[in-house]
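One structure is given below, encoded as C-alpha cells.
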Amino acid sequence: MQDAAVDIAVTTDSVLGGRVKLTQPRRGHRAGHDAVLLAAAVPALPGESVLDLGAGVGTAGLCLAARVAVGALTLVEVDPLLASLAAGNAVANGLGERTKVIVVDAAARGAVREKAGLARGNIDRVMSNPPFHDAARHRGSPDEARRRAHQADDDLLGAFVRAAVAVLRPGGTLTMIHRADQPAALLAALAGRFGGISVRPVHPRPGAAANRLIVTGVKGSRAPVAILPGLVLADADGRSSSEADAILRDGAGLGV
C-alpha cells in the first residue's frame, strides 16, 4: 500500500510484555485484551499465511507473528489512517517484508475485495475481531473511528464470515472473538461454511458469566461443535490469573 499521511495524535505502546510495539491513535479504538486473546487462539504453524480482517493498527496479527514465524501476514483495514499505522507497526516489529496491508472494507463484495488484492482460496488462517456491538442496542461512541470499530449492522458478522471463507484454502481456519451474549448469531453465520467449530468462553473472574467467546472453525469440515474449557482472566480479588498472564504478557498460545 502507499503510505497515507497520518495527521492524528498517536501514542507508542507495547503489548505482550514489550514483545510487540504499537503506534496507535491517542483517541478512539485502541489495542486491548481482545486482540491479544484472538492472536493466542489462532492455530497457525510456521510458514503459513495469515490474514486479519479488520486489523486496525495490526495488533492481533503482530501478536500472532511474535508467537509463530508466519510466512506471510496480510492486514485488511478499511480506515486508511489505521492501515498506514499498521504498515508502520509491521516495519517497527521487524515484519515489514512479510506483511501486506490492504485498504478495503472486509464486508465488501467479492469483486471489490479481489480488485483490492484479496485473492480467493490461498490463505491458511484468517483471524478477525469484527465490530460486534449492535447499533440498535448500544449507544455509539462520539468518536467516529471507535464507533466504526465497535458497532455492527445486522449482516456485518455474516459479511466478515463470507469474506473469510472466500480467501481461505480448503481446510483453512477462521478464528474470531465475539461477544458472549450472541452465540446463536455467531454459530448461524458460520453454519454451512465452517465445521469442527470450537467455542472457548472467556470469563472476567471466577463465577462470572462469560463476556467473550473465542471461536475457531475449519472451512468445509462437517465435524460437530466442541465447547472448550473457559479461560478466566482474573481471580476474585482482580489479580490476573496465571493462564491469562502467560497469554497476555508472555505470548503463550491458547489451546493451540
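By order in the C-alpha cells, chains are A, B, ...; within a chain, residues start at 1; ligands start at 1, following the order shown.
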**Contacts of Pro80 in chain A at 7 Å (only C-alpha atoms; same-chain gap of 2+ positions) as a ChimeraX atom specification** = /A:4,78,82-84,103
Generate a file of the selected residues that holds N, CA and C atoms, formatted as a JSON list (two decimals), in the first residue's frame.
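Produced file part_17.json, reproduced below:
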[["chain", "number", "residue", "atom", "x", "y", "z"],
["A", 4, "ALA", "N", -0.28, 6.53, 3.75],
["A", 4, "ALA", "CA", -1.18, 7.67, 3.90],
["A", 4, "ALA", "C", -0.60, 8.61, 4.95],
["A", 78, "VAL", "N", -10.26, -0.98, 6.72],
["A", 78, "VAL", "CA", -10.99, -0.04, 5.88],
["A", 78, "VAL", "C", -10.53, 1.40, 6.09],
["A", 82, "LEU", "N", -5.56, 4.12, 9.95],
["A", 82, "LEU", "CA", -5.19, 2.94, 10.75],
["A", 82, "LEU", "C", -4.34, 1.99, 9.93],
["A", 83, "ALA", "N", -4.67, 1.83, 8.65],
["A", 83, "ALA", "CA", -3.88, 0.95, 7.78],
["A", 83, "ALA", "C", -2.44, 1.45, 7.66],
["A", 84, "SER", "N", -2.28, 2.76, 7.56],
["A", 84, "SER", "CA", -0.93, 3.32, 7.49],
["A", 84, "SER", "C", -0.15, 3.06, 8.77],
["A", 103, "VAL", "N", -6.13, -1.80, 2.04],
["A", 103, "VAL", "CA", -7.20, -0.90, 2.47],
["A", 103, "VAL", "C", -8.47, -1.24, 1.71]]
**Item:** Distance query range 197-210 of chain A at most 8 Å, only C-alpha atoms, self and fewer than 2 positions along chain excluded, as a PyMOL selection string
**Value:** chain A and resi 180+194-195+212-218+223-236+238
Store the residues picked out above, limited to N, CA and C atoms, as a PDB file, in the first residue's frame.
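So the final result, stored in result_11.pdb, reads:
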ATOM      1  N   ALA A 180     -20.228 -12.617  24.148  1.00  0.00           N
ATOM      2  CA  ALA A 180     -20.715 -13.921  24.601  1.00  0.00           C
ATOM      3  C   ALA A 180     -22.229 -14.015  24.669  1.00  0.00           C
ATOM      4  N   PHE A 194     -18.349 -23.453   7.806  1.00  0.00           N
ATOM      5  CA  PHE A 194     -17.296 -23.958   8.677  1.00  0.00           C
ATOM      6  C   PHE A 194     -17.852 -25.062   9.572  1.00  0.00           C
ATOM      7  N   GLY A 195     -17.028 -26.061   9.838  1.00  0.00           N
ATOM      8  CA  GLY A 195     -17.365 -27.103  10.793  1.00  0.00           C
ATOM      9  C   GLY A 195     -16.194 -27.297  11.739  1.00  0.00           C
ATOM     10  N   ARG A 212     -16.901 -12.901  26.533  1.00  0.00           N
ATOM     11  CA  ARG A 212     -16.374 -13.090  25.192  1.00  0.00           C
ATOM     12  C   ARG A 212     -16.413 -14.578  24.847  1.00  0.00           C
ATOM     13  N   LEU A 213     -16.516 -14.851  23.547  1.00  0.00           N
ATOM     14  CA  LEU A 213     -16.348 -16.189  23.008  1.00  0.00           C
ATOM     15  C   LEU A 213     -15.244 -16.137  21.965  1.00  0.00           C
ATOM     16  N   ILE A 214     -14.335 -17.102  22.038  1.00  0.00           N
ATOM     17  CA  ILE A 214     -13.322 -17.262  21.001  1.00  0.00           C
ATOM     18  C   ILE A 214     -13.681 -18.520  20.225  1.00  0.00           C
ATOM     19  N   VAL A 215     -13.888 -18.358  18.931  1.00  0.00           N
ATOM     20  CA  VAL A 215     -14.429 -19.435  18.105  1.00  0.00           C
ATOM     21  C   VAL A 215     -13.484 -19.698  16.938  1.00  0.00           C
ATOM     22  N   THR A 216     -13.194 -20.964  16.698  1.00  0.00           N
ATOM     23  CA  THR A 216     -12.409 -21.366  15.529  1.00  0.00           C
ATOM     24  C   THR A 216     -13.187 -22.409  14.753  1.00  0.00           C
ATOM     25  N   GLY A 217     -13.271 -22.234  13.423  1.00  0.00           N
ATOM     26  CA  GLY A 217     -13.923 -23.192  12.551  1.00  0.00           C
ATOM     27  C   GLY A 217     -13.031 -23.569  11.388  1.00  0.00           C
ATOM     28  N   VAL A 218     -13.279 -24.736  10.828  1.00  0.00           N
ATOM     29  CA  VAL A 218     -12.487 -25.273   9.720  1.00  0.00           C
ATOM     30  C   VAL A 218     -13.327 -25.223   8.444  1.00  0.00           C
ATOM     31  N   ALA A 223     -17.369 -31.746  11.038  1.00  0.00           N
ATOM     32  CA  ALA A 223     -17.250 -32.174  12.433  1.00  0.00           C
ATOM     33  C   ALA A 223     -18.159 -31.325  13.323  1.00  0.00           C
ATOM     34  N   PRO A 224     -18.588 -31.870  14.456  1.00  0.00           N
ATOM     35  CA  PRO A 224     -19.522 -31.145  15.327  1.00  0.00           C
ATOM     36  C   PRO A 224     -18.842 -30.026  16.113  1.00  0.00           C
ATOM     37  N   VAL A 225     -19.675 -29.245  16.788  1.00  0.00           N
ATOM     38  CA  VAL A 225     -19.208 -28.153  17.641  1.00  0.00           C
ATOM     39  C   VAL A 225     -18.657 -28.724  18.946  1.00  0.00           C
ATOM     40  N   ALA A 226     -17.561 -28.133  19.435  1.00  0.00           N
ATOM     41  CA  ALA A 226     -16.992 -28.517  20.726  1.00  0.00           C
ATOM     42  C   ALA A 226     -16.921 -27.291  21.618  1.00  0.00           C
ATOM     43  N   ILE A 227     -17.419 -27.409  22.841  1.00  0.00           N
ATOM     44  CA  ILE A 227     -17.318 -26.344  23.827  1.00  0.00           C
ATOM     45  C   ILE A 227     -16.084 -26.625  24.688  1.00  0.00           C
ATOM     46  N   LEU A 228     -15.110 -25.746  24.650  1.00  0.00           N
ATOM     47  CA  LEU A 228     -13.839 -25.941  25.338  1.00  0.00           C
ATOM     48  C   LEU A 228     -13.900 -25.362  26.752  1.00  0.00           C
ATOM     49  N   PRO A 229     -12.977 -25.755  27.620  1.00  0.00           N
ATOM     50  CA  PRO A 229     -12.910 -25.147  28.953  1.00  0.00           C
ATOM     51  C   PRO A 229     -12.741 -23.639  28.854  1.00  0.00           C
ATOM     52  N   GLY A 230     -13.346 -22.932  29.777  1.00  0.00           N
ATOM     53  CA  GLY A 230     -13.281 -21.478  29.752  1.00  0.00           C
ATOM     54  C   GLY A 230     -11.944 -20.939  30.235  1.00  0.00           C
ATOM     55  N   LEU A 231     -11.624 -19.747  29.767  1.00  0.00           N
ATOM     56  CA  LEU A 231     -10.457 -19.007  30.234  1.00  0.00           C
ATOM     57  C   LEU A 231     -10.932 -17.965  31.239  1.00  0.00           C
ATOM     58  N   VAL A 232     -10.360 -17.962  32.444  1.00  0.00           N
ATOM     59  CA  VAL A 232     -10.703 -16.982  33.478  1.00  0.00           C
ATOM     60  C   VAL A 232      -9.553 -15.985  33.566  1.00  0.00           C
ATOM     61  N   LEU A 233      -9.850 -14.718  33.357  1.00  0.00           N
ATOM     62  CA  LEU A 233      -8.802 -13.711  33.242  1.00  0.00           C
ATOM     63  C   LEU A 233      -8.238 -13.268  34.588  1.00  0.00           C
ATOM     64  N   ALA A 234      -9.044 -13.270  35.643  1.00  0.00           N
ATOM     65  CA  ALA A 234      -8.574 -12.752  36.935  1.00  0.00           C
ATOM     66  C   ALA A 234      -9.233 -13.522  38.063  1.00  0.00           C
ATOM     67  N   ASP A 235      -8.590 -13.474  39.253  1.00  0.00           N
ATOM     68  CA  ASP A 235      -9.193 -14.123  40.409  1.00  0.00           C
ATOM     69  C   ASP A 235     -10.219 -13.201  41.061  1.00  0.00           C
ATOM     70  N   ALA A 236     -10.801 -13.654  42.153  1.00  0.00           N
ATOM     71  CA  ALA A 236     -11.873 -12.886  42.790  1.00  0.00           C
ATOM     72  C   ALA A 236     -11.408 -11.530  43.292  1.00  0.00           C
ATOM     73  N   GLY A 238      -9.263  -9.675  41.639  1.00  0.00           N
ATOM     74  CA  GLY A 238      -8.871  -8.872  40.490  1.00  0.00           C
ATOM     75  C   GLY A 238      -7.455  -9.096  40.018  1.00  0.00           C
TER      76      GLY A 238
END
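In this structure, CA of Ile8 in chain A sits 6.7 Å away from CA of Pro25 in chain A.
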**Request:** Enter the distance from CA of Gly18 in chain A to CA of Ala92 in chain A, in Å, rounded to one decimal.
**Result:** 12.6 Å
**Message:** Excluding range 47-55 of chain A and its own-chain neighbours fewer than 2 positions away, which residues fall within 7 Å of it when counting only C-alpha atoms? Please give them as a PyMOL selection string.
**Reply:** chain A and resi 44-45+57-58+61+69-77+106+123-130
